[in-house]
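See below for the structure under consideration.
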Amino acid sequence: MQGKVIGFVGCYSHDVILMLAKVLSSAEKEVLLCDRNLRHTLGASVPVPGGISVKEEIAAYDGLYFTQQKINEEMLREYDILLADFGMQEPFREAECCTEIFLVTDALLHHIRQLSGLELQTELVREVLIRDIPGGMYAKEKELREFLNKFPNRKERFLAPDKRDIENRCVCETLHEYHVKNASPELQEFIYQTAGRLCPEVAEKELRRRVRRQEGRRSL
């Protein structure tokens, strides 16, 4: 059975990917993180042991697996879920293996326009997460509405600016700690609901309990 492949396109998604991976691993899923972003933002948040080249190998850290290799058939066989960060560029042929695409961005119009110019399989876009969006902007900004309407199967979510998410994103990059409990309640809800949809065999309430217990132990 081949694993699910979630392709993340956009910006400011690395903390989302890491926290989602953590919750999925608590459901006993083998999760592989694929950094296909030219800027390697996700890679900055995963410490790699000396002597390992993630361009050629897969590294393990904190119950997760990480690589910068292209997605291949062996990965699809070996792992339950692949979370691939493509950044702001088109995933090209690797998009063919994506079972779903998540768009993650802030509300800046130059980012929205850049994403609008990508050739994506619009029917595969299941989640659109707009971060740091001022209140009422969606109702006023025609370009943003037109962008979202391109994706008929989307579920859209809007997150207001929140210093907890900004700080948590920095902690991911600098300390390599992926604490779901430190994110805003709105982002936590997105993470848990998404994980619950991807692995429905484990109740969302149970996922929350497992992650709380895990993060509680590590804070001691």
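We name chains A, B, ... following the order of the structure tokens; residues begin at 1 in each chain, and ligands are numbered from 1 as shown.
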
Find the residues around A:Ala59 up to 10 Å (only C-alpha atoms counted), leave out those fewer than 6 positions away in its own chain, and share them as an NGL selection string.
-> :A and (32-33 or 46-49 or 52-53 or 65-68)

- Query: Counting only C-alpha atoms, what is within 10 Å of A:Glu119, bar same-chain residues fewer than 3 positions away, as a list of chain:residue names?
  - Reply: A:Gln89, A:Glu90, A:Pro91, A:Phe92, A:Leu115, A:Ser116, A:Thr122

Write a file of the selected residues as a short mmCIF file (atom, residue, chain, number, x, y, z; two decimals), in the first residue's frame, keeping all heavy atoms.
```cif
data_model
loop_
_atom_site.label_atom_id
_atom_site.label_comp_id
_atom_site.auth_asym_id
_atom_site.auth_seq_id
_atom_site.Cartn_x
_atom_site.Cartn_y
_atom_site.Cartn_z
N GLN A 89 7.75 27.36 -5.48
CA GLN A 89 7.90 26.92 -6.85
C GLN A 89 6.92 25.79 -7.17
O GLN A 89 6.41 25.13 -6.27
CB GLN A 89 9.34 26.46 -7.15
CG GLN A 89 9.72 25.14 -6.49
CD GLN A 89 10.40 25.32 -5.15
OE1 GLN A 89 10.40 26.40 -4.59
NE2 GLN A 89 10.96 24.25 -4.64
N GLU A 90 6.70 25.55 -8.45
CA GLU A 90 5.80 24.48 -8.87
C GLU A 90 6.44 23.14 -8.56
O GLU A 90 7.63 22.95 -8.76
CB GLU A 90 5.52 24.60 -10.37
CG GLU A 90 4.73 25.86 -10.74
CD GLU A 90 4.63 26.07 -12.24
OE1 GLU A 90 4.95 25.14 -12.98
OE2 GLU A 90 4.24 27.18 -12.64
N PRO A 91 5.64 22.17 -8.08
CA PRO A 91 6.19 20.85 -7.77
C PRO A 91 6.56 20.04 -9.01
O PRO A 91 7.20 19.00 -8.90
CB PRO A 91 5.06 20.16 -7.00
CG PRO A 91 3.92 21.08 -6.95
CD PRO A 91 4.26 22.34 -7.67
N PHE A 92 6.17 20.48 -10.19
CA PHE A 92 6.48 19.81 -11.44
C PHE A 92 6.07 18.34 -11.37
O PHE A 92 4.98 18.02 -10.96
CB PHE A 92 7.97 19.98 -11.79
CG PHE A 92 8.38 21.41 -11.92
CD1 PHE A 92 9.19 22.03 -10.98
CD2 PHE A 92 7.93 22.18 -13.00
CE1 PHE A 92 9.54 23.36 -11.11
CE2 PHE A 92 8.28 23.51 -13.13
CZ PHE A 92 9.09 24.10 -12.18
N LEU A 115 1.57 32.74 -6.08
CA LEU A 115 0.91 31.43 -6.03
C LEU A 115 -0.12 31.30 -7.15
O LEU A 115 -0.29 30.21 -7.72
CB LEU A 115 0.22 31.24 -4.67
CG LEU A 115 1.15 31.02 -3.48
CD1 LEU A 115 0.35 30.99 -2.18
CD2 LEU A 115 1.93 29.73 -3.64
N SER A 116 -0.79 32.40 -7.47
CA SER A 116 -1.79 32.37 -8.55
C SER A 116 -1.15 32.02 -9.88
O SER A 116 -1.81 31.46 -10.77
CB SER A 116 -2.50 33.72 -8.66
OG SER A 116 -3.28 33.98 -7.53
N THR A 122 -5.66 22.02 -9.60
CA THR A 122 -6.55 22.71 -8.67
C THR A 122 -7.46 21.77 -7.90
O THR A 122 -7.81 22.04 -6.76
CB THR A 122 -7.41 23.75 -9.42
OG1 THR A 122 -8.12 23.09 -10.48
CG2 THR A 122 -6.53 24.84 -10.03
#
```

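We find atom CA of A:Leu207 and atom CA of A:Glu73 to be spaced 28.9 Å apart.
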
Using only C-alpha atoms, what does the table of stretch 24-113 of chain A residues within 10 Å of stretch 154-161 of chain A look like, with each row giving the shortest atom pair and its distance in Å to one decimal, sorted by chain and ascending number, as CSV?
```
residue,atom,partner,partner_atom,distance
A:Ile101,CA,A:Arg154,CA,9.5
A:Phe102,CA,A:Arg154,CA,8.9
A:Leu103,CA,A:Glu156,CA,9.4
A:Val104,CA,A:Arg157,CA,9.7
A:Asp106,CA,A:Leu159,CA,9.0
A:Ala107,CA,A:Phe158,CA,9.3
```

Identify all residues of stretch 20-184 of chain A in strand (DSSP E or B) (DSSP on the backbone) and supply them as a count of residues only. 37

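Near A:Arg209, within 12 Å and counting only C-alpha atoms, sit Val23, Ser26, Ala27, Val180, Lys181, Tyr192, Val202, Ala203, Glu204, Lys205, Glu206, Leu207, Val211, Arg212, Arg213, Gln214, Glu215 and Gly216 of chain A, not including residues fewer than 2 positions from it in the same chain.
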
Once you have the residues from the selection above, write them out as a PDB file, in the first residue's frame, restricted to C-alpha atoms.
```
ATOM      1  CA  VAL A  23       0.725  14.567  15.710  1.00  0.00           C
ATOM      2  CA  SER A  26       1.667   9.997  17.724  1.00  0.00           C
ATOM      3  CA  ALA A  27      -0.894   7.953  15.734  1.00  0.00           C
ATOM      4  CA  VAL A 180       1.895  21.997  19.396  1.00  0.00           C
ATOM      5  CA  LYS A 181       0.793  23.368  22.770  1.00  0.00           C
ATOM      6  CA  TYR A 192      -5.460  18.288  15.027  1.00  0.00           C
ATOM      7  CA  VAL A 202      -7.495   7.406  15.780  1.00  0.00           C
ATOM      8  CA  ALA A 203     -10.003   9.836  17.297  1.00  0.00           C
ATOM      9  CA  GLU A 204      -8.967  13.492  17.382  1.00  0.00           C
ATOM     10  CA  LYS A 205      -9.507  13.534  21.149  1.00  0.00           C
ATOM     11  CA  GLU A 206      -7.051  10.657  21.505  1.00  0.00           C
ATOM     12  CA  LEU A 207      -4.485  12.426  19.309  1.00  0.00           C
ATOM     13  CA  VAL A 211       0.525  14.764  22.219  1.00  0.00           C
ATOM     14  CA  ARG A 212      -0.283  16.480  25.543  1.00  0.00           C
ATOM     15  CA  ARG A 213       1.237  13.575  27.412  1.00  0.00           C
ATOM     16  CA  GLN A 214       4.324  13.562  25.192  1.00  0.00           C
ATOM     17  CA  GLU A 215       4.869  17.313  25.440  1.00  0.00           C
ATOM     18  CA  GLY A 216       4.175  17.258  29.179  1.00  0.00           C
TER      19      GLY A 216
END
```

*Nearest to A:Glu146 by atom-to-atom distance, counting only C-alpha atoms, from A:Val171, A:Leu124, A:Ile130, A:Ile112*: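 Answer, going by the shortest atom-to-atom distance: A:Ile112.
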
Q) How many Å separate atom CA of A:Ala95 from atom CA of A:Gln2? A)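 Taking atom CA of A:Ala95 and atom CA of A:Gln2, their separation equals 15.2 Å.
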
At a cut-off of 6 Å, using only C-alpha atoms, what residues contact A:Val9? Leave out same-chain residues fewer than 5 positions from it and give the result as a list in words.
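Answer for this query is Phe86, Gly87, Met88 and Leu103 of chain A.
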
Subject >> Closest of A:Gly117, A:Lys22, A:Glu94, A:Glu189 to A:Asn72 - atom-to-atom distances counting only C-alpha atoms >> reply: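 The closest residue to A:Asn72 is A:Glu94.
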
note - atom CA of A:Ala195 and atom CA of A:Leu24 are separated by 6.0 Å

- request: Excluding A:Arg36 and any residue of its chain fewer than 2 positions from it, enumerate the residues within 8 Å of it, using only C-alpha atoms, and give them as a list of chain:residue names.
  value: A:Cys34, A:Leu38, A:His40, A:Gln68, A:Gln69, A:Lys70, A:Ala84, A:Asp85, A:Phe86, A:Gly87

Practice prompt. Could you tell me, as a VMD selection string, which residues of stretch 113-206 of chain A DSSP assigns to helix (DSSP H, G or I) when given the backbone?
Written response: chain A and resid 113 to 116 122 to 124 137 to 140 142 to 148 163 to 175 180 to 182 185 to 198 204 to 206

Across A:Arg145, A:His179, A:Arg77, A:Arg169, the smallest distance to A:Lys4, with only C-alpha atoms counted, is shown by A:Arg77

- Message: Which residues are close to A:Leu187, i.e. within 8 Å by only C-alpha atoms, leaving aside same-chain residues fewer than 3 positions away? Reply as a VMD selection string.
- Response: chain A and resid 159 165 183 to 184 190 to 191

Closest of A:Ser45, A:Arg126, A:Arg39, A:Glu28 to A:Arg197, counting only C-alpha atoms, is A:Arg126

Exercise. Could you tell me which of A:Asn182, A:Asn149, A:Gln114, A:Asn37 comes closest to A:Leu83 if we count only C-alpha atoms?
Key: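 Of A:Asn182, A:Asn149, A:Gln114, A:Asn37, the one nearest A:Leu83 is A:Asn37, counting only C-alpha atoms.
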